Amino acid sequence: MAVNYVCRHCQMPLGSFENEQVPEYKLGLHFLTPEERKRIISYNSNGDVTVRVICDYCSQTLESNPELALLSNPLQ
């Protein structure tokens, strides 16, 4: 099983690691509400997990231009 982190706005890969026994508490995913889990985490058919977060570039861009948050795909 691999855990892949990608930016939810620009789709840039941010990191990945392989581990068969990665407990969710070590990833901090247990703090998410069910709604957040549905929006942020996806489970692939091969057993991999994709976690959608925001990269530094997109975060800074949204901070500088908050009106972009109104768009469905602001930075693509």
# chains A, B, ... in the order shown; residues from 1 in each chain; ligands from 1

$ select_by_dssp --residues "chain A" --states "strand (DSSP E)" --output "list in words"
Ala2, Val3, Asn4, Tyr5, Val6, Cys7, Pro13, Leu14, Gly15, Ser16, Phe17, Glu18, Ile41, Ser42, Tyr43, Val49, Thr50, Val51, Arg52 and Val53 of chain A

$ closest_atom_pairs --of "segment 27-56 of chain A" --to "segment 11-22 of chain A" --cutoff "12 Å" --atoms "only C-alpha atoms" --output "tab-separated table"
residue	atom	partner	partner_atom	distance
A:Leu27	CA	A:Val22	CA	7.7
A:Gly28	CA	A:Val22	CA	10.9
A:Leu29	CA	A:Val22	CA	11.0
A:Gly47	CA	A:Glu20	CA	9.9
A:Asp48	CA	A:Glu18	CA	9.0
A:Val49	CA	A:Ser16	CA	9.7
A:Thr50	CA	A:Ser16	CA	9.1
A:Val51	CA	A:Ser16	CA	9.8
A:Arg52	CA	A:Gln11	CA	8.5
A:Val53	CA	A:Leu14	CA	8.7
A:Ile54	CA	A:Leu14	CA	9.1
A:Cys55	CA	A:Leu14	CA	7.3
A:Asp56	CA	A:Leu14	CA	9.9

$ write_last_selection --atoms "C-alpha atoms" --output "PDB file, in the first residue's frame"
ATOM      1  CA  LEU A  27      -0.913  10.050   9.525  1.00  0.00           C
ATOM      2  CA  GLY A  28      -3.240  12.220  11.599  1.00  0.00           C
ATOM      3  CA  LEU A  29      -6.227  11.163   9.499  1.00  0.00           C
ATOM      4  CA  GLY A  47      -4.944  -0.522  -2.262  1.00  0.00           C
ATOM      5  CA  ASP A  48      -3.176   2.828  -2.512  1.00  0.00           C
ATOM      6  CA  VAL A  49      -4.489   5.851  -0.666  1.00  0.00           C
ATOM      7  CA  THR A  50      -4.502   9.365  -2.122  1.00  0.00           C
ATOM      8  CA  VAL A  51      -4.643  12.276   0.306  1.00  0.00           C
ATOM      9  CA  ARG A  52      -5.539  15.619  -1.257  1.00  0.00           C
ATOM     10  CA  VAL A  53      -3.934  18.586   0.520  1.00  0.00           C
ATOM     11  CA  ILE A  54      -2.866  22.086  -0.577  1.00  0.00           C
ATOM     12  CA  CYS A  55       0.708  22.804  -1.685  1.00  0.00           C
ATOM     13  CA  ASP A  56       2.561  25.917  -0.522  1.00  0.00           C
TER      14      ASP A  56
END

$ select_by_dssp --residues "chain A" --states "helix (DSSP H, G or I)" --output "ChimeraX atom specification"
/A:24-27,29-31,34-40,56-64,66-70

$ write_last_selection --atoms "C-alpha atoms" --output "mmCIF file, in the first residue's frame"
data_model
loop_
_atom_site.group_PDB
_atom_site.id
_atom_site.type_symbol
_atom_site.label_atom_id
_atom_site.label_comp_id
_atom_site.auth_asym_id
_atom_site.auth_seq_id
_atom_site.Cartn_x
_atom_site.Cartn_y
_atom_site.Cartn_z
ATOM 1 C CA GLU A 24 -4.191 6.254 10.451
ATOM 2 C CA TYR A 25 -3.284 7.814 13.772
ATOM 3 C CA LYS A 26 0.333 8.184 12.599
ATOM 4 C CA LEU A 27 -0.913 10.050 9.525
ATOM 5 C CA LEU A 29 -6.227 11.163 9.499
ATOM 6 C CA HIS A 30 -8.243 10.096 12.532
ATOM 7 C CA PHE A 31 -8.806 13.773 13.384
ATOM 8 C CA PRO A 34 -16.487 11.909 8.028
ATOM 9 C CA GLU A 35 -17.213 14.769 5.602
ATOM 10 C CA GLU A 36 -13.559 15.827 5.521
ATOM 11 C CA ARG A 37 -12.431 12.221 5.009
ATOM 12 C CA LYS A 38 -14.759 11.878 2.029
ATOM 13 C CA ARG A 39 -13.419 15.089 0.476
ATOM 14 C CA ILE A 40 -9.712 14.578 1.234
ATOM 15 C CA ASP A 56 2.561 25.917 -0.522
ATOM 16 C CA TYR A 57 2.226 27.651 -3.905
ATOM 17 C CA CYS A 58 -1.549 27.205 -4.076
ATOM 18 C CA SER A 59 -1.939 28.154 -0.420
ATOM 19 C CA GLN A 60 0.002 31.397 -0.907
ATOM 20 C CA THR A 61 -1.888 32.178 -4.111
ATOM 21 C CA LEU A 62 -5.253 31.703 -2.413
ATOM 22 C CA GLU A 63 -4.142 33.858 0.522
ATOM 23 C CA SER A 64 -3.088 36.642 -1.854
ATOM 24 C CA PRO A 66 -9.072 35.060 -1.863
ATOM 25 C CA GLU A 67 -11.568 35.647 -4.671
ATOM 26 C CA LEU A 68 -10.098 32.592 -6.440
ATOM 27 C CA ALA A 69 -11.661 30.369 -3.772
ATOM 28 C CA LEU A 70 -15.051 31.146 -5.339
#
